[in-house]
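Participant: Dropping in protein_34.tsv, which is TSV, C-alpha atoms and all ligand atoms:
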chain	number	residue	atom	x	y	z
A	185	LYS	CA	0.00	0.00	0.00
A	186	LYS	CA	1.17	3.52	-0.75
A	187	THR	CA	1.68	5.84	2.18
A	188	ILE	CA	2.26	9.56	2.68
A	189	ARG	CA	5.94	8.83	1.99
A	190	ASP	CA	5.14	7.97	-1.63
A	191	ILE	CA	3.32	11.15	-2.67
A	192	GLU	CA	3.96	14.86	-3.12
A	193	LEU	CA	2.68	16.75	-0.07
A	194	LYS	CA	4.02	20.29	-0.28
A	195	GLY	CA	1.23	22.81	-0.58
A	196	LYS	CA	-1.36	20.04	-0.90
A	197	LYS	CA	-4.60	20.11	1.06
A	198	VAL	CA	-4.66	16.72	2.79
A	199	PHE	CA	-7.83	15.29	4.35
A	200	VAL	CA	-6.57	12.93	7.06
A	201	ARG	CA	-9.03	10.52	8.68
A	202	VAL	CA	-7.75	9.80	12.17
A	203	ASP	CA	-9.34	7.84	15.01
A	204	PHE	CA	-9.71	10.39	17.80
A	205	ASN	CA	-12.50	8.34	19.35
A	206	VAL	CA	-10.99	8.71	22.82
A	207	PRO	CA	-12.63	8.00	26.16
A	208	MET	CA	-13.77	11.20	27.89
A	209	LYS	CA	-15.23	12.05	31.26
A	210	ASP	CA	-16.83	15.47	31.80
A	211	GLN	CA	-15.12	16.83	28.67
A	212	THR	CA	-11.71	15.61	29.86
A	213	ILE	CA	-9.81	13.02	27.83
A	214	THR	CA	-9.06	10.02	30.07
A	215	ASP	CA	-6.80	8.12	27.63
A	216	GLU	CA	-4.99	9.96	24.85
A	217	THR	CA	-3.23	6.94	23.33
A	218	ARG	CA	-5.02	7.36	20.01
A	219	ILE	CA	-4.07	11.04	19.77
A	220	GLN	CA	-0.44	10.21	20.51
A	221	ALA	CA	-0.53	7.44	17.92
A	222	ALA	CA	-1.62	9.87	15.19
A	223	LEU	CA	1.21	12.34	15.84
A	224	PRO	CA	3.86	10.79	13.54
A	225	THR	CA	1.62	11.22	10.50
A	226	ILE	CA	0.47	14.72	11.47
A	227	ASN	CA	4.01	15.89	12.23
A	228	GLU	CA	5.34	14.52	8.97
A	229	LEU	CA	2.60	16.25	6.98
A	230	VAL	CA	3.33	19.51	8.78
A	231	GLU	CA	7.08	19.20	8.16
A	232	LYS	CA	6.54	18.49	4.48
A	233	GLY	CA	4.40	21.60	4.08
A	234	ALA	CA	0.97	20.06	3.63
A	235	ILE	CA	-2.22	21.83	4.72
A	236	VAL	CA	-3.52	19.31	7.22
A	237	ILE	CA	-7.29	18.81	7.54
A	238	LEU	CA	-8.06	16.26	10.24
A	239	ALA	CA	-11.36	14.38	10.54
A	240	SER	CA	-12.60	11.93	13.18
A	241	HIS	CA	-15.67	10.53	14.82
A	242	LEU	CA	-16.23	10.60	18.57
A	243	GLY	CA	-18.75	8.29	20.18
A	244	ARG	CA	-21.99	7.34	18.47
A	245	PRO	CA	-24.09	10.50	18.02
A	246	LYS	CA	-26.09	8.86	15.20
A	247	GLY	CA	-26.25	11.74	12.77
A	248	GLU	CA	-27.18	14.48	15.24
A	249	VAL	CA	-25.23	17.22	16.95
A	250	VAL	CA	-24.52	16.13	20.53
A	251	GLU	CA	-22.78	18.93	22.44
A	252	GLU	CA	-20.71	16.60	24.66
A	253	LEU	CA	-19.36	14.85	21.58
A	254	ARG	CA	-17.79	17.88	19.95
A	255	LEU	CA	-14.09	17.47	19.18
A	256	THR	CA	-13.07	20.75	20.84
A	257	PRO	CA	-11.28	19.11	23.84
A	258	VAL	CA	-9.34	16.96	21.38
A	259	ALA	CA	-8.34	20.01	19.32
A	260	ASN	CA	-7.07	21.70	22.48
A	261	ARG	CA	-5.03	18.69	23.56
A	262	LEU	CA	-3.67	18.13	20.06
A	263	SER	CA	-2.58	21.75	19.92
A	264	GLU	CA	-0.57	21.23	23.15
A	265	LEU	CA	0.99	18.03	21.83
A	266	LEU	CA	1.94	19.56	18.47
A	267	GLY	CA	3.09	22.79	20.05
A	268	LYS	CA	1.10	24.78	17.52
A	269	GLU	CA	-2.37	26.15	16.94
A	270	VAL	CA	-5.03	23.74	15.75
A	271	VAL	CA	-7.96	25.49	14.06
A	272	LYS	CA	-11.23	23.82	15.00
A	273	THR	CA	-14.37	24.17	12.86
A	274	ASP	CA	-17.94	23.57	14.07
A	275	GLU	CA	-18.81	21.68	10.90
A	276	SER	CA	-17.09	19.06	8.81
A	277	TYR	CA	-17.87	20.13	5.22
A	278	GLY	CA	-19.43	22.95	3.24
A	279	ASP	CA	-18.75	26.61	2.47
A	280	THR	CA	-17.85	27.79	5.97
A	281	VAL	CA	-15.29	25.01	6.29
A	282	LYS	CA	-13.90	25.76	2.81
A	283	ALA	CA	-13.51	29.41	3.79
A	284	GLU	CA	-11.56	28.40	6.92
A	285	ILE	CA	-9.32	26.10	4.91
A	286	SER	CA	-8.58	28.82	2.35
A	287	LYS	CA	-7.06	30.91	5.17
A	288	LEU	CA	-4.53	28.20	6.04
A	289	SER	CA	-0.87	28.16	5.03
A	290	GLU	CA	1.53	25.26	4.46
A	291	GLY	CA	2.08	23.34	7.70
A	292	ASP	CA	-1.15	24.55	9.33
A	293	VAL	CA	-3.48	22.08	11.05
A	294	LEU	CA	-7.27	22.15	11.19
A	295	LEU	CA	-9.63	19.72	12.94
A	296	LEU	CA	-13.14	19.29	11.54
A	297	GLU	CA	-16.14	18.67	13.79
A	298	ASN	CA	-17.20	15.10	14.64
A	299	VAL	CA	-18.08	13.48	11.30
A	300	ARG	CA	-20.82	11.39	12.93
A	301	PHE	CA	-22.87	14.56	13.42
A	302	ASN	CA	-23.63	14.08	9.71
A	303	ALA	CA	-26.56	11.76	9.00
A	304	GLY	CA	-24.79	10.38	5.91
A	305	GLU	CA	-21.53	9.43	7.62
A	306	GLU	CA	-22.37	5.93	8.82
A	307	LYS	CA	-24.58	5.33	5.76
A	308	ASN	CA	-21.53	6.00	3.59
A	309	ASP	CA	-23.62	8.54	1.71
A	310	ALA	CA	-22.03	9.30	-1.69
A	311	GLU	CA	-22.99	12.98	-1.62
A	312	LEU	CA	-21.38	13.45	1.80
A	313	ALA	CA	-18.23	11.64	0.68
A	314	LYS	CA	-18.04	14.05	-2.27
A	315	ASN	CA	-18.48	16.99	0.09
A	316	TYR	CA	-15.49	15.81	2.16
A	317	ALA	CA	-13.43	15.22	-0.98
A	318	GLU	CA	-14.09	18.78	-2.18
A	319	LEU	CA	-12.14	20.06	0.83
A	320	ALA	CA	-8.84	18.51	-0.21
A	321	ASP	CA	-6.46	17.28	-2.92
A	322	VAL	CA	-5.52	14.02	-1.23
A	323	PHE	CA	-7.09	11.59	1.26
A	324	VAL	CA	-4.94	9.91	3.91
A	325	ASN	CA	-6.45	7.18	6.06
A	326	ASP	CA	-4.64	6.87	9.38
A	327	ALA	CA	-7.67	5.66	11.32
A	328	PHE	CA	-6.86	1.98	11.74
A	329	GLY	CA	-9.34	1.84	14.65
A	330	ALA	CA	-12.18	2.77	12.30
A	331	ALA	CA	-10.94	0.88	9.22
A	332	HIS	CA	-13.55	-1.87	9.69
A	333	ARG	CA	-16.28	0.73	9.10
A	334	ALA	CA	-17.35	1.52	5.54
A	335	HIS	CA	-18.33	5.11	6.27
A	336	ALA	CA	-18.20	8.28	4.18
A	337	SER	CA	-15.00	9.57	5.82
A	338	THR	CA	-13.25	6.18	5.92
A	339	GLU	CA	-14.32	4.55	2.65
A	340	GLY	CA	-16.52	6.77	0.48
A	341	ILE	CA	-14.11	9.68	0.18
A	342	ALA	CA	-11.39	7.40	-1.23
A	343	HIS	CA	-13.45	7.01	-4.41
A	344	HIS	CA	-13.13	10.70	-5.23
A	345	ILE	CA	-9.51	11.76	-4.67
A	346	PRO	CA	-6.11	10.04	-4.51
A	347	ALA	CA	-6.02	7.97	-1.31
A	348	VAL	CA	-3.06	6.56	0.63
A	349	SER	CA	-2.43	5.31	4.14
A	350	GLY	CA	-0.89	7.17	7.06
A	351	LEU	CA	2.03	5.93	9.13
A	352	LEU	CA	-0.07	4.50	11.97
A	353	MET	CA	-2.28	2.64	9.52
A	354	GLN	CA	0.80	1.25	7.79
A	355	LYS	CA	2.37	0.14	11.08
A	356	GLU	CA	-0.79	-1.61	12.26
A	357	LEU	CA	-1.24	-3.43	8.95
A	358	ASP	CA	2.43	-4.39	8.90
A	359	VAL	CA	2.56	-5.83	12.40
A	360	LEU	CA	-0.78	-7.62	12.32
A	361	GLY	CA	-0.31	-8.73	8.74
A	362	LYS	CA	3.13	-10.22	9.37
A	363	ALA	CA	1.93	-11.95	12.53
A	364	LEU	CA	-0.86	-13.72	10.68
A	365	SER	CA	0.83	-14.48	7.38
A	366	ASN	CA	4.36	-15.33	8.43
A	367	PRO	CA	4.39	-15.94	12.19
A	368	GLU	CA	7.45	-16.77	14.24
A	369	ARG	CA	6.88	-20.05	16.05
A	370	PRO	CA	5.81	-21.22	18.52
A	371	PHE	CA	2.85	-18.93	17.82
A	372	THR	CA	0.26	-18.61	20.59
A	373	ALA	CA	-3.14	-16.93	20.58
A	374	ILE	CA	-4.81	-15.98	23.84
A	375	ILE	CA	-8.53	-15.49	23.42
A	376	GLY	CA	-10.60	-14.18	26.30
A	377	GLY	CA	-13.56	-11.89	26.86
A	378	ALA	CA	-17.15	-12.50	27.81
A	379	LYS	CA	-18.72	-14.33	24.89
A	380	VAL	CA	-17.93	-17.15	22.47
A	381	LYS	CA	-20.39	-15.48	20.09
A	382	ASP	CA	-18.06	-12.47	19.66
A	383	LYS	CA	-14.93	-14.58	19.09
A	384	ILE	CA	-16.18	-17.24	16.66
A	385	GLY	CA	-14.47	-15.65	13.66
A	386	VAL	CA	-11.17	-15.11	15.40
A	387	ILE	CA	-11.04	-18.61	16.93
A	388	GLU	CA	-11.83	-20.20	13.58
A	389	ASN	CA	-9.22	-18.19	11.72
A	390	LEU	CA	-6.47	-18.59	14.33
A	391	LEU	CA	-7.04	-22.34	14.73
A	392	GLU	CA	-5.64	-22.59	11.21
A	393	LYS	CA	-2.46	-20.72	12.12
A	394	VAL	CA	-1.35	-21.11	15.74
A	395	ASP	CA	0.61	-23.72	17.65
A	396	ASN	CA	-1.13	-22.98	20.95
A	397	LEU	CA	-4.61	-21.66	21.63
A	398	ILE	CA	-5.30	-20.39	25.14
A	399	ILE	CA	-8.85	-19.76	26.27
A	400	GLY	CA	-9.92	-17.60	29.21
A	401	GLY	CA	-12.54	-15.13	30.36
A	402	GLY	CA	-16.30	-15.62	30.44
A	403	LEU	CA	-16.28	-17.51	27.17
A	404	ALA	CA	-14.16	-20.29	28.69
A	405	TYR	CA	-17.10	-21.64	30.72
A	406	THR	CA	-18.95	-22.71	27.61
A	407	PHE	CA	-15.84	-24.83	26.88
A	408	VAL	CA	-15.80	-26.11	30.48
A	409	LYS	CA	-19.42	-27.16	30.04
A	410	ALA	CA	-18.55	-28.79	26.71
A	411	LEU	CA	-16.07	-30.97	28.59
A	412	GLY	CA	-18.99	-32.14	30.72
A	413	HIS	CA	-18.48	-30.09	33.88
A	414	GLU	CA	-21.07	-27.96	35.65
A	415	VAL	CA	-20.40	-24.22	35.62
A	416	GLY	CA	-22.86	-22.99	38.28
A	417	LEU	CA	-23.86	-19.38	37.63
A	418	SER	CA	-20.87	-18.67	35.38
A	419	LEU	CA	-21.44	-17.22	31.91
A	420	LEU	CA	-22.70	-19.95	29.62
A	421	GLU	CA	-23.92	-19.88	26.03
A	422	LYS	CA	-25.95	-23.06	25.76
A	423	ASP	CA	-26.30	-22.71	22.01
A	424	LYS	CA	-22.51	-22.64	21.60
A	425	ILE	CA	-21.61	-25.80	23.54
A	426	GLU	CA	-21.51	-27.96	20.41
A	427	LEU	CA	-19.43	-25.35	18.63
A	428	ALA	CA	-16.99	-25.27	21.56
A	429	LYS	CA	-16.69	-29.06	21.31
A	430	SER	CA	-16.00	-28.82	17.59
A	431	TYR	CA	-13.19	-26.31	18.22
A	432	MET	CA	-11.53	-28.67	20.68
A	433	GLU	CA	-11.77	-31.49	18.14
A	434	LYS	CA	-10.48	-29.27	15.35
A	435	ALA	CA	-7.52	-28.28	17.51
A	436	LYS	CA	-6.70	-31.95	18.04
A	437	GLU	CA	-6.91	-32.68	14.31
A	438	LYS	CA	-4.67	-29.75	13.49
A	439	GLY	CA	-2.12	-30.50	16.19
A	440	VAL	CA	-2.90	-27.21	17.92
A	441	LYS	CA	-2.40	-27.41	21.67
A	442	PHE	CA	-5.60	-26.24	23.28
A	443	TYR	CA	-5.35	-24.74	26.76
A	444	MET	CA	-8.34	-23.99	28.96
A	445	PRO	CA	-8.66	-23.25	32.68
A	446	VAL	CA	-7.90	-26.09	35.11
A	447	ASP	CA	-8.89	-23.97	38.11
A	448	VAL	CA	-10.94	-20.82	38.59
A	449	THR	CA	-11.70	-18.08	41.08
A	450	ILE	CA	-15.37	-18.31	41.98
A	451	ALA	CA	-17.56	-15.79	43.81
A	452	ASP	CA	-20.95	-15.90	45.52
A	453	ASP	CA	-21.84	-12.52	44.08
A	454	PHE	CA	-20.82	-10.35	41.10
A	455	SER	CA	-19.06	-7.77	43.28
A	456	GLU	CA	-15.65	-6.74	44.51
A	457	SER	CA	-16.59	-7.69	48.08
A	458	ALA	CA	-18.07	-11.11	47.27
A	459	ASN	CA	-16.83	-14.20	49.08
A	460	ILE	CA	-14.34	-15.95	46.84
A	461	LYS	CA	-12.75	-19.40	46.56
A	462	GLN	CA	-10.34	-21.12	44.23
A	463	VAL	CA	-11.55	-24.45	42.93
A	464	SER	CA	-10.80	-26.84	40.11
A	465	ILE	CA	-13.11	-26.68	37.10
A	466	GLU	CA	-14.79	-29.91	38.21
A	467	GLU	CA	-15.93	-28.30	41.44
A	468	ILE	CA	-17.91	-25.15	40.60
A	469	PRO	CA	-20.94	-25.18	42.95
A	470	SER	CA	-24.35	-24.52	41.42
A	471	ASP	CA	-24.86	-21.19	43.22
A	472	TRP	CA	-21.39	-19.69	42.58
A	473	GLU	CA	-19.93	-18.12	39.46
A	474	ALA	CA	-16.40	-18.22	38.06
A	475	LEU	CA	-15.07	-14.69	37.44
A	476	ASP	CA	-11.37	-15.32	36.80
A	477	ILE	CA	-8.92	-18.08	35.95
A	478	GLY	CA	-7.21	-19.61	39.00
A	479	PRO	CA	-3.52	-19.52	40.02
A	480	LYS	CA	-2.65	-22.97	38.61
A	481	THR	CA	-4.11	-21.98	35.25
A	482	ALA	CA	-2.29	-18.63	35.34
A	483	ALA	CA	1.02	-20.44	35.94
A	484	ILE	CA	0.42	-22.84	33.03
A	485	TYR	CA	-0.53	-19.96	30.71
A	486	ALA	CA	2.56	-17.98	31.78
A	487	ASP	CA	4.78	-20.95	30.87
A	488	VAL	CA	3.20	-21.27	27.43
A	489	ILE	CA	3.64	-17.53	26.86
A	490	LYS	CA	7.28	-17.63	27.89
A	491	SER	CA	8.06	-20.48	25.52
A	492	SER	CA	6.39	-18.70	22.58
A	493	LYS	CA	8.09	-16.49	19.99
A	494	LEU	CA	4.87	-14.70	19.06
A	495	VAL	CA	1.71	-14.13	21.11
A	496	ILE	CA	-1.49	-12.45	19.99
A	497	TRP	CA	-3.79	-11.53	22.85
A	498	ASN	CA	-7.42	-10.56	22.53
A	499	GLY	CA	-9.73	-10.41	25.55
A	500	PRO	CA	-9.21	-10.50	29.33
A	501	MET	CA	-9.05	-13.67	31.45
A	502	GLY	CA	-11.53	-12.47	34.04
A	503	VAL	CA	-13.45	-9.43	35.26
A	504	PHE	CA	-10.25	-7.38	35.49
A	505	GLU	CA	-12.14	-4.14	36.14
A	506	MET	CA	-12.58	-5.46	39.70
A	507	ASP	CA	-9.24	-6.00	41.48
A	508	THR	CA	-10.47	-9.22	43.11
A	509	PHE	CA	-10.87	-10.79	39.68
A	510	ALA	CA	-7.94	-9.13	37.87
A	511	LYS	CA	-5.22	-11.60	38.91
A	512	GLY	CA	-5.48	-13.94	35.93
A	513	THR	CA	-5.43	-11.11	33.40
A	514	LYS	CA	-2.55	-9.51	35.28
A	515	ALA	CA	-0.57	-12.78	35.29
A	516	VAL	CA	-0.89	-13.01	31.51
A	517	ALA	CA	0.16	-9.37	31.07
A	518	GLU	CA	3.14	-9.89	33.39
A	519	ALA	CA	4.25	-13.04	31.60
A	520	LEU	CA	4.21	-11.12	28.32
A	521	ALA	CA	6.07	-8.21	29.90
A	522	GLU	CA	8.76	-10.46	31.38
A	523	SER	CA	9.26	-12.56	28.30
A	524	GLN	CA	11.81	-10.55	26.32
A	525	ASP	CA	12.05	-13.06	23.46
A	526	THR	CA	8.32	-13.07	22.85
A	527	TYR	CA	6.86	-10.62	20.36
A	528	SER	CA	3.57	-9.55	21.93
A	529	VAL	CA	0.68	-8.19	19.92
A	530	ILE	CA	-2.17	-6.82	22.00
A	531	GLY	CA	-5.53	-6.48	20.26
A	532	GLY	CA	-7.11	-3.17	21.18
A	533	GLY	CA	-10.13	-2.66	23.37
A	534	ASP	CA	-10.24	-4.52	26.70
A	535	SER	CA	-6.83	-6.24	26.52
A	536	ALA	CA	-5.19	-2.90	25.76
A	537	ALA	CA	-7.09	-1.31	28.65
A	538	ALA	CA	-5.94	-4.12	30.95
A	539	VAL	CA	-2.28	-3.69	29.97
A	540	GLU	CA	-2.66	0.06	30.64
A	541	LYS	CA	-4.28	-0.59	34.00
A	542	PHE	CA	-1.36	-2.78	35.10
A	543	ASP	CA	1.10	-0.17	33.84
A	544	LEU	CA	2.75	-2.63	31.47
A	545	ALA	CA	1.95	-0.94	28.15
A	546	ASP	CA	5.56	0.03	27.44
A	547	LYS	CA	6.64	-3.61	27.87
A	548	MET	CA	4.50	-4.88	24.99
A	549	SER	CA	5.82	-5.11	21.43
A	550	HIS	CA	2.69	-3.73	19.78
A	551	ILE	CA	-0.62	-2.54	21.22
A	552	SER	CA	-3.15	-2.04	18.49
A	553	THR	CA	-5.18	1.18	18.48
A	554	GLY	CA	-8.09	-0.78	17.03
A	555	GLY	CA	-10.58	-2.80	19.07
A	556	GLY	CA	-13.19	-3.95	16.56
A	557	ALA	CA	-10.75	-3.34	13.70
A	558	SER	CA	-8.00	-5.57	15.10
A	559	LEU	CA	-10.56	-8.26	15.89
A	560	GLU	CA	-11.87	-8.22	12.30
A	561	PHE	CA	-8.32	-8.26	11.00
A	562	MET	CA	-7.56	-11.33	13.15
A	563	GLU	CA	-10.71	-12.92	11.77
A	564	GLY	CA	-9.05	-12.67	8.37
A	565	LYS	CA	-11.54	-10.10	7.07
A	566	GLU	CA	-10.62	-7.30	4.71
A	567	LEU	CA	-11.10	-3.84	6.20
A	568	PRO	CA	-13.18	-1.54	3.94
A	569	GLY	CA	-11.15	1.54	4.93
A	570	VAL	CA	-8.02	-0.22	3.68
A	571	VAL	CA	-9.52	-1.85	0.58
A	572	ALA	CA	-10.75	1.56	-0.62
A	573	LEU	CA	-7.28	3.12	-0.67
A	574	ASN	CA	-6.60	3.58	-4.36
A	575	ASP	CA	-2.86	4.18	-3.92
A	576	LYS	CA	-2.83	6.94	-6.53
A	601	LIG	C1	-13.37	2.07	18.18
A	601	LIG	O1	-13.40	2.73	19.22
A	601	LIG	O2	-13.26	0.81	18.18
A	601	LIG	C2	-13.40	2.79	16.87
A	601	LIG	O3	-13.18	4.14	17.04
A	601	LIG	C3	-14.69	2.53	16.14
A	601	LIG	O4	-15.79	3.05	16.84
A	601	LIG	P1	-17.25	2.48	16.56
A	601	LIG	O5	-17.31	1.10	17.12
A	601	LIG	O6	-18.23	3.42	17.23
A	601	LIG	O7	-17.45	2.45	15.06
Just dump the structure as structure tokens.
Facilitator:
Amino acid sequence: KKTIRDIELKGKKVFVRVDFNVPMKDQTITDETRIQAALPTINELVEKGAIVILASHLGRPKGEVVEELRLTPVANRLSELLGKEVVKTDESYGDTVKAEISKLSEGDVLLLENVRFNAGEEKNDAELAKNYAELADVFVNDAFGAAHRAHASTEGIAHHIPAVSGLLMQKELDVLGKALSNPERPFTAIIGGAKVKDKIGVIENLLEKVDNLIIGGGLAYTFVKALGHEVGLSLLEKDKIELAKSYMEKAKEKGVKFYMPVDVTIADDFSESANIKQVSIEEIPSDWEALDIGPKTAAIYADVIKSSKLVIWNGPMGVFEMDTFAKGTKAVAEALAESQDTYSVIGGGDSAAAVEKFDLADKMSHISTGGGASLEFMEGKELPGVVALNDK
């Protein structure tokens, strides 16, 4: 794929789709990772004398103006990080915006308003995509986190002007692409999270590629049940038990080592102050629920991680938001952090949040800025925001 390094930028108006969908509380940004991650592209465009027009969504305003979802706090923070003024418009296309852009000089930066205030954005409306394209000479997609969305500012616009990828997009595609197509071995996938339903695609795709598959989190109890054990009040998807069985059989056929919990931390209530016990998976009482993997399991998983050359991790091992049930997720994060010879790829979303929470982010090889996007990539799907790049 062509990137901003392959095209002429000086004096060009460049519409850059970034993913500034950052968590906010009372108009304060609580995690600016995604803003930081976009800086290399923005700085390079500035240095090369482009006129930089940034566009992003924030939250899910569904085509209406929602005051709390304006991008003004992001513009302010970005301005601090760049050490230069960032012009912020209240709209994201049209004559007023064009007038603002015409006042800019080479190296100036402007941030458009939240593109999801436009009804046509998520519908990938062709007229809206044309309106965005009219603002610029070139389209740069650096929003890996939104690349699984075929929206007007991620996909549609690429049909109207030359379109290339930004540096963050390129890095994400490189790392994830290499991991899946030409992995160093032993290659281990750790799949956690609440539901089997959400991980079907990724389990099926990775079963074809990995040496070890580790299962944890709420979805593991459907596998425990598939082995014939009772799971009490733990999460269980009855309609996925047969599927879970088929994955275990498939793993056997393929010679993939399949790891699931041997012990769990159970609680008599879904709360931080619940009574807890550690039991083997054969011993979950009918009125208790498993909320984390147990210490024996954590030790086994840590050993597998440490003997792997490449690990892809998507989804926590337990309810890590509550300290009582964070130990299993923390043990996995620590094993990855300690294992210097293991290249660790952290899928975005919850696993990235967990690594942040344990203050181990700088010990990981790559933390993806995409949650849904990295999941779809690991499922082997093509991302519409990438496919649309015409590389002109
Ligand atoms: C994300 O946070 O995963 C991306 O910004 C995409 O957001 P969305 O799920 O609202 O499309």
Participant: Can you tell me which residues surround A:Asp546 at a distance of at most 12 Å, considering all atoms listed in the file, apart from same-chain residues fewer than 5 positions away, and format the answer as JSON, numbers by chain?
Facilitator: {"A": [217, 517, 518, 520, 521, 522, 528, 530, 536, 539, 540, 541, 551]}
Participant: So which residues fall inside 12 Å of (-1.9, -2.4, 36.6) if we count only C-alpha atoms? Mind giving them as a PyMOL selection string?
Facilitator: chain A and resi 504-507+510-511+513-518+521+535-545
Participant: Centre and edge lengths of an axis-aligned box around all listed atoms of stretch 319-331 of chain A, with 6 Å added on each side, are to be given in Å to one decimal, as JSON.
Facilitator:
{"center_x": -8.4, "center_y": 10.5, "center_z": 5.9, "size_x": 19.5, "size_y": 31.2, "size_z": 29.6}
Participant: Please write out the residues within 6 Å of ligand LIG 601 (chain A) as an MDAnalysis selection string, counting all atoms listed in the file.
Facilitator: chainID A and resid 203 205 243:244 329:330 554:556
Participant: Between A:Asn298, A:Thr280, A:Asn308, A:Thr214, which one has atoms that come closest to A:Glu248, using only C-alpha atoms?
Facilitator: A:Asn298
Participant: Between A:Pro445, A:Glu421, A:Gly416, A:Phe454, which has the minimum distance to A:Trp472 (counting all atoms listed in the file)?
Facilitator: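 Selected residue with least distance to A:Trp472: A:Gly416.
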Participant: Quote the spacing between atom CA of A:Asp471 and atom CA of A:Tyr443 in Å to one decimal place.
Facilitator: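 So the two atoms, atom CA of A:Asp471 and atom CA of A:Tyr443, lie 25.8 Å apart.
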